[in-house]
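Peer 1: Structure file target07.cif, mmCIF, C-alpha atoms, is pasted below:
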data_input
#
loop_
_atom_site.label_atom_id
_atom_site.label_comp_id
_atom_site.auth_asym_id
_atom_site.auth_seq_id
_atom_site.Cartn_x
_atom_site.Cartn_y
_atom_site.Cartn_z
CA MET A 1 105.17 232.25 40.03
CA ASN A 2 103.86 228.65 40.22
CA SER A 3 102.65 227.08 43.44
CA CYS A 4 104.18 223.87 44.79
CA THR A 5 101.15 221.86 43.56
CA GLU A 6 101.65 223.19 40.05
CA TRP A 7 105.33 222.33 40.21
CA GLU A 8 104.40 218.84 41.40
CA ASP A 9 102.35 218.39 38.26
CA CYS A 10 105.29 219.54 36.17
CA ILE A 11 107.67 217.19 38.03
CA GLN A 12 105.45 214.21 37.25
CA GLU A 13 105.17 215.10 33.57
CA CYS A 14 108.94 215.53 33.24
CA ILE A 15 109.59 212.17 34.88
CA ASP A 16 107.00 210.47 32.62
CA SER A 17 108.47 211.91 29.47
CA GLY A 18 112.06 211.44 30.63
CA SER A 19 112.83 215.05 29.78
CA ALA A 20 115.04 217.35 31.84
CA LEU A 21 113.44 219.63 34.42
CA PRO A 22 112.93 223.19 33.21
CA GLU A 23 115.45 225.65 34.63
CA GLU A 24 112.80 227.50 36.60
CA LEU A 25 111.73 224.25 38.28
CA GLN A 26 115.33 223.33 39.05
CA ILE A 27 115.77 226.66 40.83
CA HIS A 28 112.54 226.10 42.76
CA ILE A 29 113.54 222.57 43.81
CA ALA A 30 116.87 223.85 45.08
CA ASP A 31 115.02 226.28 47.37
CA CYS A 32 111.94 224.23 48.31
CA GLU A 33 112.49 221.23 50.55
CA SER A 34 108.95 219.90 50.01
CA CYS A 35 109.27 219.91 46.21
CA SER A 36 112.77 218.49 46.41
CA GLN A 37 111.40 215.63 48.53
CA ALA A 38 108.46 215.16 46.13
CA PHE A 39 110.83 215.01 43.16
CA LEU A 40 112.90 212.23 44.75
CA GLU A 41 109.82 210.28 45.82
CA TYR A 42 108.17 210.50 42.38
CA LYS A 43 111.40 209.35 40.77
CA ARG A 44 111.42 206.38 43.13
CA ILE A 45 107.77 205.53 42.41
CA HIS A 46 108.41 205.82 38.67
CA SER A 47 111.42 203.52 38.93
CA LEU A 48 109.53 200.98 41.06
CA MET A 49 106.48 200.98 38.81
CA SER A 50 108.60 200.57 35.71
CA THR A 51 110.52 197.65 37.14
CA LEU A 52 107.80 195.79 39.03
CA PRO A 53 108.64 192.09 38.78
CA GLN A 54 106.60 190.05 36.33
CA LEU A 55 104.53 187.34 37.96
CA PRO A 56 104.82 183.95 36.30
CA VAL A 57 101.67 183.06 34.38
CA PRO A 58 99.78 180.10 35.94
CA ALA A 59 100.71 176.98 33.99
CA ASP A 60 97.12 175.90 33.43
CA LEU A 61 95.97 179.24 32.01
CA SER A 62 96.50 178.57 28.30
CA SER A 63 95.82 174.81 28.33
CA ASN A 64 92.53 175.27 30.20
CA LEU A 65 91.60 178.13 27.97
CA ILE A 66 92.06 176.29 24.69
CA SER A 67 90.12 173.27 25.95
CA LYS A 68 87.34 175.61 27.12
CA LEU A 69 87.22 177.24 23.70
CA ARG A 70 87.10 173.85 21.96
CA GLN A 71 84.22 172.78 24.20
CA ARG A 72 82.38 176.00 23.45
CA ASN A 73 82.87 175.45 19.72
CA GLU A 74 81.42 171.94 19.99
CA VAL A 75 78.44 173.15 21.95
CA ASN A 76 77.91 176.00 19.49
CA SER A 77 78.02 173.72 16.46
CA SER A 78 75.61 171.23 18.04
CA HIS A 79 73.23 174.08 18.79
CA PHE A 80 73.71 175.82 15.48
CA PHE A 81 70.02 176.29 14.75
CA TRP A 82 69.31 177.60 18.24
CA SER A 83 72.23 180.03 18.21
CA ALA A 84 71.28 181.19 14.72
CA PHE A 85 67.76 181.77 15.97
CA LEU A 86 69.08 183.72 18.96
CA ARG A 87 71.17 185.86 16.67
CA PHE A 88 68.15 186.38 14.42
CA ARG A 89 66.10 187.42 17.45
CA ALA A 90 68.78 189.84 18.61
CA CYS A 91 69.05 191.43 15.19
CA THR A 92 65.50 192.36 14.39
CA LEU A 93 62.67 192.92 16.76
CA PRO A 94 60.23 194.00 14.02
CA HIS A 95 60.96 190.82 12.12
CA GLY A 96 60.43 188.89 15.32
CA LEU A 97 56.94 190.37 15.48
CA ALA A 98 56.40 189.49 11.82
CA LEU A 99 57.50 185.96 12.61
CA ALA A 100 55.01 185.73 15.44
CA SER A 101 52.20 186.96 13.15
CA ILE A 102 53.09 184.38 10.50
CA LEU A 103 53.11 181.62 13.09
CA LEU A 104 49.70 182.82 14.20
CA ILE A 105 48.38 182.68 10.62
CA ILE A 106 49.72 179.16 10.19
CA GLY A 107 48.17 178.07 13.48
CA ILE A 108 44.75 179.56 12.59
CA SER A 109 44.92 178.01 9.11
CA ILE A 110 45.53 174.59 10.53
CA ILE A 111 42.75 174.93 13.11
CA ILE A 112 40.20 176.20 10.54
CA SER A 113 41.06 173.51 8.01
CA GLY A 114 40.79 170.91 10.76
CA ASP A 115 37.31 172.23 11.66
CA ARG A 116 36.23 172.09 8.04
CA ASP A 117 37.37 168.51 7.88
CA MET A 118 35.24 167.63 10.86
CA VAL A 119 32.12 169.61 9.87
CA SER A 120 31.87 168.64 6.23
CA GLY A 121 33.43 165.26 6.53
CA TYR A 122 35.23 166.16 3.38
CA SER A 123 38.29 164.01 2.90
CA MET A 124 41.02 166.26 1.70
CA CYS A 125 43.29 165.18 -1.04
CA ARG A 126 46.42 165.90 1.00
CA SER A 127 48.79 164.58 -1.62
CA ARG A 128 47.45 167.15 -4.10
CA VAL A 129 47.83 169.95 -1.56
CA VAL A 130 51.43 168.93 -0.93
CA GLY A 131 52.03 168.71 -4.66
CA GLN A 132 50.68 172.23 -5.20
CA ALA A 133 52.76 173.59 -2.36
CA THR A 134 55.89 171.89 -3.73
CA ASP A 135 55.20 173.52 -7.10
CA PHE A 136 54.89 176.85 -5.40
CA VAL A 137 58.19 176.39 -3.57
CA PHE A 138 59.85 175.39 -6.81
CA VAL A 139 58.49 178.40 -8.68
CA ALA A 140 59.41 180.73 -5.80
CA GLN A 141 62.95 179.40 -5.81
CA GLU A 142 63.21 180.11 -9.51
CA SER A 143 61.83 183.61 -8.92
CA VAL A 144 64.43 184.30 -6.25
CA GLU A 145 67.17 183.05 -8.59
CA ALA A 146 65.91 185.34 -11.30
CA LEU A 147 65.71 188.32 -8.95
CA LYS A 148 69.22 187.65 -7.68
CA GLY A 149 70.72 188.69 -11.00
CA LEU A 150 68.06 191.29 -11.56
CA CYS A 151 68.38 193.56 -14.57
CA ALA A 152 65.83 195.37 -16.69
CA ASN A 153 65.10 192.62 -19.23
CA GLU A 154 64.95 189.87 -16.61
CA TYR A 155 62.51 191.72 -14.42
CA GLU A 156 59.59 190.79 -16.66
CA LYS A 157 60.69 187.18 -16.54
CA GLY A 158 60.77 187.32 -12.72
CA LEU A 159 57.27 188.79 -12.63
CA GLU A 160 56.01 186.09 -14.96
CA MET A 161 57.42 183.41 -12.68
CA ILE A 162 55.81 184.93 -9.60
CA ASN A 163 52.51 185.19 -11.46
CA GLY A 164 52.97 181.56 -12.44
CA GLY A 165 53.41 180.69 -8.76
CA LEU A 166 50.26 182.57 -7.84
CA GLY A 167 48.40 180.86 -10.65
CA ALA A 168 49.44 177.50 -9.28
CA LEU A 169 48.07 178.51 -5.90
CA ARG A 170 44.77 179.64 -7.40
CA GLY A 171 44.42 176.17 -8.90
CA VAL A 172 44.07 174.66 -5.42
CA PRO A 173 40.43 173.76 -4.64
CA ASP A 174 38.63 176.08 -2.22
CA ASN A 175 38.48 173.56 0.58
CA ASP A 176 42.23 173.06 0.36
CA TYR A 177 43.01 176.75 0.05
CA VAL A 178 43.06 177.48 3.77
CA LEU A 179 45.38 174.59 4.47
CA SER A 180 47.60 175.30 1.49
CA SER A 181 47.95 178.96 2.60
CA GLY A 182 50.00 177.56 5.44
CA PHE A 183 52.71 176.49 3.01
CA PRO A 184 53.37 179.89 1.44
CA ALA A 185 53.27 181.38 4.94
CA LEU A 186 55.87 178.87 6.01
CA LEU A 187 57.93 179.67 2.95
CA VAL A 188 57.78 183.40 3.72
CA LEU A 189 58.80 182.65 7.29
CA LEU A 190 61.80 180.62 6.15
CA LEU A 191 62.81 183.33 3.69
CA VAL A 192 62.63 185.99 6.43
CA ILE A 193 64.78 183.85 8.74
CA ALA A 194 67.31 183.10 6.00
CA MET A 195 67.48 186.76 4.97
CA ASN A 196 67.99 187.92 8.54
CA MET A 197 70.63 185.31 9.23
CA TYR A 198 72.42 186.42 6.08
CA MET A 199 72.13 190.12 6.97
CA CYS A 200 73.18 189.35 10.51
CA GLY A 201 76.28 187.56 9.23
CA GLU A 202 77.13 190.46 6.96
CA LYS A 203 76.81 192.92 9.83
CA LYS A 204 79.11 190.78 11.93
CA LYS A 205 81.67 190.60 9.14
CA GLY A 206 81.49 194.38 8.81
CA GLY A 207 82.13 194.68 12.51
CA SER A 208 79.17 196.90 13.23
CA GLY A 209 78.66 195.13 16.51
CA ILE A 210 74.90 195.22 16.10
CA CYS A 211 74.56 191.49 16.28
CA THR A 212 75.60 190.29 19.68
CA ASP A 213 74.92 186.92 21.22
CA MET B 1 98.02 199.21 13.47
CA SER B 2 98.23 195.47 14.09
CA SER B 3 101.23 193.71 12.64
CA PRO B 4 100.69 191.74 9.38
CA GLN B 5 101.44 188.55 11.31
CA GLU B 6 98.71 189.36 13.83
CA VAL B 7 96.25 190.12 11.06
CA GLU B 8 97.01 186.76 9.43
CA ILE B 9 96.56 184.91 12.73
CA ILE B 10 93.25 186.68 13.34
CA GLN B 11 92.06 185.80 9.84
CA ARG B 12 92.89 182.15 10.40
CA VAL B 13 91.09 182.07 13.75
CA LEU B 14 88.06 183.67 12.11
CA GLN B 15 88.15 180.90 9.51
CA GLY B 16 87.79 178.40 12.33
CA GLU B 17 91.41 177.38 12.90
CA ILE B 18 91.24 177.60 16.67
CA GLU B 19 94.82 176.40 17.19
CA TYR B 20 96.04 179.76 15.90
CA PHE B 21 94.32 181.41 18.82
CA GLU B 22 96.80 179.61 21.03
CA ASP B 23 99.53 181.79 19.48
CA ILE B 24 97.61 184.88 20.54
CA VAL B 25 97.15 183.50 24.06
CA LYS B 26 100.81 182.60 24.45
CA ARG B 27 101.94 185.94 23.12
CA TYR B 28 99.82 188.12 25.37
CA GLN B 29 98.94 186.10 28.45
CA GLY B 30 101.95 187.40 30.43
CA SER B 31 101.17 191.07 29.92
CA LEU B 32 97.46 190.63 30.49
CA PHE B 33 97.81 188.42 33.56
CA ASN B 34 100.26 190.82 35.20
CA PHE B 35 98.06 193.78 34.41
CA ALA B 36 95.02 191.99 35.86
CA PHE B 37 96.99 191.12 39.00
CA ARG B 38 98.11 194.70 39.53
CA VAL B 39 94.57 195.99 39.23
CA THR B 40 92.80 193.27 41.20
CA LEU B 41 95.71 192.45 43.57
CA ASP B 42 94.38 188.91 43.56
CA ARG B 43 96.22 186.11 41.80
CA GLU B 44 93.21 183.80 41.35
CA ALA B 45 91.00 186.59 40.12
CA ALA B 46 93.73 187.74 37.74
CA ARG B 47 93.92 184.23 36.24
CA ASP B 48 90.14 184.00 35.82
CA ILE B 49 89.88 187.50 34.37
CA THR B 50 92.69 186.79 31.90
CA GLN B 51 90.90 183.64 30.76
CA ASP B 52 87.59 185.48 30.46
CA THR B 53 89.31 188.19 28.45
CA PHE B 54 90.65 185.70 25.92
CA ILE B 55 87.27 183.99 25.68
CA ALA B 56 85.57 187.35 25.10
CA ALA B 57 88.22 188.25 22.52
CA TYR B 58 87.71 184.94 20.72
CA GLU B 59 83.95 185.32 20.64
CA ASN B 60 84.11 188.92 19.41
CA LEU B 61 87.15 188.65 17.18
CA SER B 62 85.13 189.59 14.12
CA GLN B 63 84.48 192.97 15.76
CA PHE B 64 88.17 193.81 15.85
CA LYS B 65 88.61 196.05 12.83
CA GLY B 66 92.39 195.98 12.76
CA GLU B 67 92.62 199.75 12.89
CA GLY B 68 94.35 199.94 16.27
CA LYS B 69 96.79 197.66 18.04
CA PHE B 70 95.39 194.23 18.83
CA LEU B 71 96.97 194.36 22.29
CA SER B 72 95.23 197.67 22.99
CA TRP B 73 91.94 196.01 22.12
CA LEU B 74 92.72 193.20 24.56
CA TYR B 75 93.68 195.75 27.24
CA ARG B 76 90.35 197.51 26.71
CA ILE B 77 88.50 194.25 27.38
CA ILE B 78 90.57 193.28 30.42
CA THR B 79 90.43 196.76 31.94
CA ASN B 80 86.64 196.69 31.95
CA LYS B 81 86.64 193.23 33.48
CA CYS B 82 89.11 194.23 36.19
CA ILE B 83 87.22 197.40 37.10
CA ASN B 84 83.94 195.48 37.25
CA PHE B 85 85.59 192.87 39.44
CA ARG B 86 86.90 195.50 41.84
CA LYS B 87 83.54 197.23 41.99
CA ARG B 88 81.92 193.94 42.94
CA ARG B 89 84.54 193.24 45.54
CA LYS B 90 85.32 196.42 47.38
CA ARG B 91 87.86 195.14 49.83
CA ILE B 92 90.49 192.45 49.45
CA PHE B 93 92.88 191.06 51.97
CA PHE B 94 96.43 191.62 50.94
CA GLN B 95 98.69 188.58 51.02
CA PRO B 96 101.57 188.92 53.45
CA LEU B 97 105.07 189.20 52.03
CA GLU B 98 106.12 185.69 53.10
CA SER B 99 103.41 184.01 51.05
CA CYS B 100 103.72 186.16 47.98
CA SER B 101 106.97 186.44 46.08
CA TYR B 102 105.71 188.92 43.42
CA GLY B 103 107.69 187.02 40.87
CA LEU B 104 111.07 187.62 42.44
CA ALA B 105 112.01 184.07 41.61
CA ASP B 106 115.54 184.86 40.51
CA PRO B 107 117.57 185.80 43.56
CA LEU B 108 119.39 189.08 43.25
CA PRO B 109 123.19 188.97 43.68
CA ASN B 110 122.95 190.78 46.98
CA PRO B 111 120.46 189.26 49.49
CA GLU B 112 120.17 192.60 51.26
CA SER B 113 119.19 194.42 48.09
CA GLU B 114 116.76 191.61 47.29
CA CYS B 115 115.14 192.05 50.66
CA GLU B 116 114.97 195.81 50.19
CA LYS B 117 113.47 195.38 46.77
CA ARG B 118 110.84 192.97 48.07
CA GLU B 119 109.97 195.36 50.84
CA ALA B 120 109.71 198.30 48.46
CA VAL B 121 107.51 196.29 46.11
CA GLU B 122 105.26 195.22 48.94
CA MET B 123 104.93 198.79 50.16
CA LEU B 124 104.06 199.88 46.66
CA TYR B 125 101.37 197.21 46.36
CA ARG B 126 100.00 198.21 49.74
CA GLY B 127 99.89 201.80 48.53
CA MET B 128 98.12 200.69 45.35
CA GLU B 129 95.52 198.96 47.46
CA ARG B 130 94.40 202.40 48.60
CA LEU B 131 93.76 203.62 45.07
CA SER B 132 90.48 203.28 43.21
CA ALA B 133 90.21 200.61 40.51
CA ASP B 134 90.18 203.30 37.83
CA GLN B 135 93.34 204.93 39.17
CA ARG B 136 95.09 201.58 39.45
CA ALA B 137 94.09 200.65 35.92
CA ALA B 138 95.38 203.97 34.59
CA LEU B 139 98.63 203.76 36.52
CA ASN B 140 99.44 200.18 35.56
CA LEU B 141 98.35 200.54 31.97
CA PHE B 142 100.66 203.52 31.65
CA TYR B 143 103.67 201.73 33.13
CA ILE B 144 103.12 198.19 31.73
CA THR B 145 102.40 199.19 28.15
CA GLY B 146 104.67 202.20 27.93
CA TYR B 147 102.01 203.78 25.71
CA SER B 148 101.54 207.53 25.40
CA TYR B 149 98.93 209.46 27.43
CA GLN B 150 96.73 209.53 24.33
CA GLU B 151 96.89 205.78 23.71
CA VAL B 152 96.23 204.89 27.36
CA GLY B 153 93.35 207.39 27.39
CA GLU B 154 91.85 205.71 24.33
CA ILE B 155 92.04 202.28 25.96
CA LEU B 156 90.36 203.59 29.10
CA GLY B 157 87.88 205.65 27.14
CA ILE B 158 88.88 208.91 28.83
CA SER B 159 90.49 212.13 27.66
CA GLU B 160 94.22 212.81 27.91
CA ALA B 161 93.54 215.51 30.53
CA LYS B 162 91.47 213.13 32.66
CA LEU B 163 94.18 210.48 32.41
CA LYS B 164 96.86 212.96 33.49
CA SER B 165 94.71 213.99 36.40
CA ASP B 166 94.10 210.34 37.41
CA LEU B 167 97.82 209.57 37.19
CA PHE B 168 98.69 212.68 39.19
CA ARG B 169 96.26 211.81 41.98
CA ALA B 170 97.29 208.16 42.01
CA ARG B 171 101.00 208.97 42.33
CA GLN B 172 100.31 211.70 44.85
CA SER B 173 98.37 209.20 46.96
CA LEU B 174 101.20 206.65 46.64
CA ARG B 175 103.77 209.27 47.61
CA LYS B 176 101.82 210.29 50.69
CA TYR B 177 101.45 206.67 51.73
CA LEU B 178 105.13 205.86 51.22
CA GLU B 179 106.25 209.03 52.98
CA GLY B 180 103.91 208.24 55.86
CA LEU B 181 105.58 204.87 56.32
CA LYS B 182 108.98 206.49 56.69
CA LYS B 183 107.85 208.76 59.53
#
What does this structure look like when you write it as structure tokens?

Peer 2:
Amino acid sequence: MNSCTEWEDCIQECIDSGSALPEELQIHIADCESCSQAFLEYKRIHSLMSTLPQLPVPADLSSNLISKLRQRNEVNSSHFFWSAFLRFRACTLPHGLALASILLIIGISIIISGDRDMVSGYSMCRSRVVGQATDFVFVAQESVEALKGLCANEYEKGLEMINGGLGALRGVPDNDYVLSSGFPALLVLLLVIAMNMYMCGEKKKGGSGICTD
Amino acid sequence: MSSPQEVEIIQRVLQGEIEYFEDIVKRYQGSLFNFAFRVTLDREAARDITQDTFIAAYENLSQFKGEGKFLSWLYRIITNKCINFRKRRKRIFFQPLESCSYGLADPLPNPESECEKREAVEMLYRGMERLSADQRAALNLFYITGYSYQEVGEILGISEAKLKSDLFRARQSLRKYLEGLKK
């Protein structure tokens, strides 16, 4: 024999599903004034809840919303680099630390090379340094292209190109070496950022939800 | 599953065609606004929450995988926002009947029945005011969407048994309040 509370549960489920009351419950309701009252009241609540009037939507809701979204889009596009950086930061903490280390190396390189300039009075051939660095960037780009379509027979070619790039760097005079090391460091930094932005974008497309602004 | 039309609209929005998002807003703003009102019992807050929900949906559209209903996804966002709002604001002052029509703009054929209906609706809202935000969300989600226990449970992130229990308690509380008014 069920208690009134248990029958109350059953009454609610029957009303929700729209099914007829079980015979046992019907007999109970006929005898129990409390459950009979509960049945009528739940039916009334169900009917009221199902037919609650719809409030009119405020007229400015959609127009304001679309203009807000347009504004946000404009702000986002004007701050593309910053938002990309924020996304990059959110994606990879270890890479953020790597980035900080690279920045540190660059900073130290610049300071040391500046000191050397002052101590030795050696006038650096900056145009040659820039030329060497440009060569390195060019060779590195070719290496990346080669590695993109990597297969067994192209691997050797890729290695050769990287060795070529390193050779070009070795050709830089000693005094310029410290300063020119800043350029590969910068290149590595840019590659890390680009790679992370790309990976971050892929994760977003895949809907992993890892990358959140 | 989302309808093919919805999927196409979402794809276009993701490609940057923001005007297609307007279709989404127009299609769902009524349901979402009314749901937000019934949970917050505050018209202004409901409007702001509905707007915030659409903005959040727009910004995270790429995270919608298209596996479930798009509207369910929107309800999941708005439910969280409504519950957070209610937790921040524990007590609200209910608007008196005269200043709040509850959308009964079209007069019913019989003025007496209209009056009775208004009164019943107001009593129901007053009863709802006594429920917790979670109970109100469960109750309204169940009645507005017409979804099954399982679907509503998924939106709320609770089990079917927990949802049934929340609904039972919410309706029991409403019944006690309404019966108390009669005495």

Peer 1: Looking at A:Ser109, A:Asn73, A:Leu190, A:Ser63, which one is nearest to Gln51 of chain B, with distances taken over only C-alpha atoms?

Peer 2: A:Ser63

Peer 1: Provide the atom CA of Met123 of chain B to atom CA of Leu181 of chain B distance in Å, to one decimal place.

Peer 2: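 The value is 8.7 Å.
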
Peer 1: Using all atoms listed in the file and a distance of at most 7 Å, pull out the residues of chain B that contact chain A, as a list in words.

Peer 2: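 Those within range of chain A come out as Glu22, Val25, Gly30, Phe33, Asn34, Arg47, Gln51, Ser62, Gln63, Phe64, Lys65, Tyr102, Gly103, Leu104, Tyr143, Phe168 and Arg175 of chain B.
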
Peer 1: Would you compute the distance between atom CA of Ser31 of chain B and atom CA of Asn140 of chain B? Give it in Å to one decimal.

Peer 2: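 Interatomic distance here is 10.9 Å.
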
Peer 1: In Å, rounded to a single decimal, give me how far atom CA of Arg43 of chain B is from atom CA of Ile18 of chain B.

Peer 2: 27.0 Å
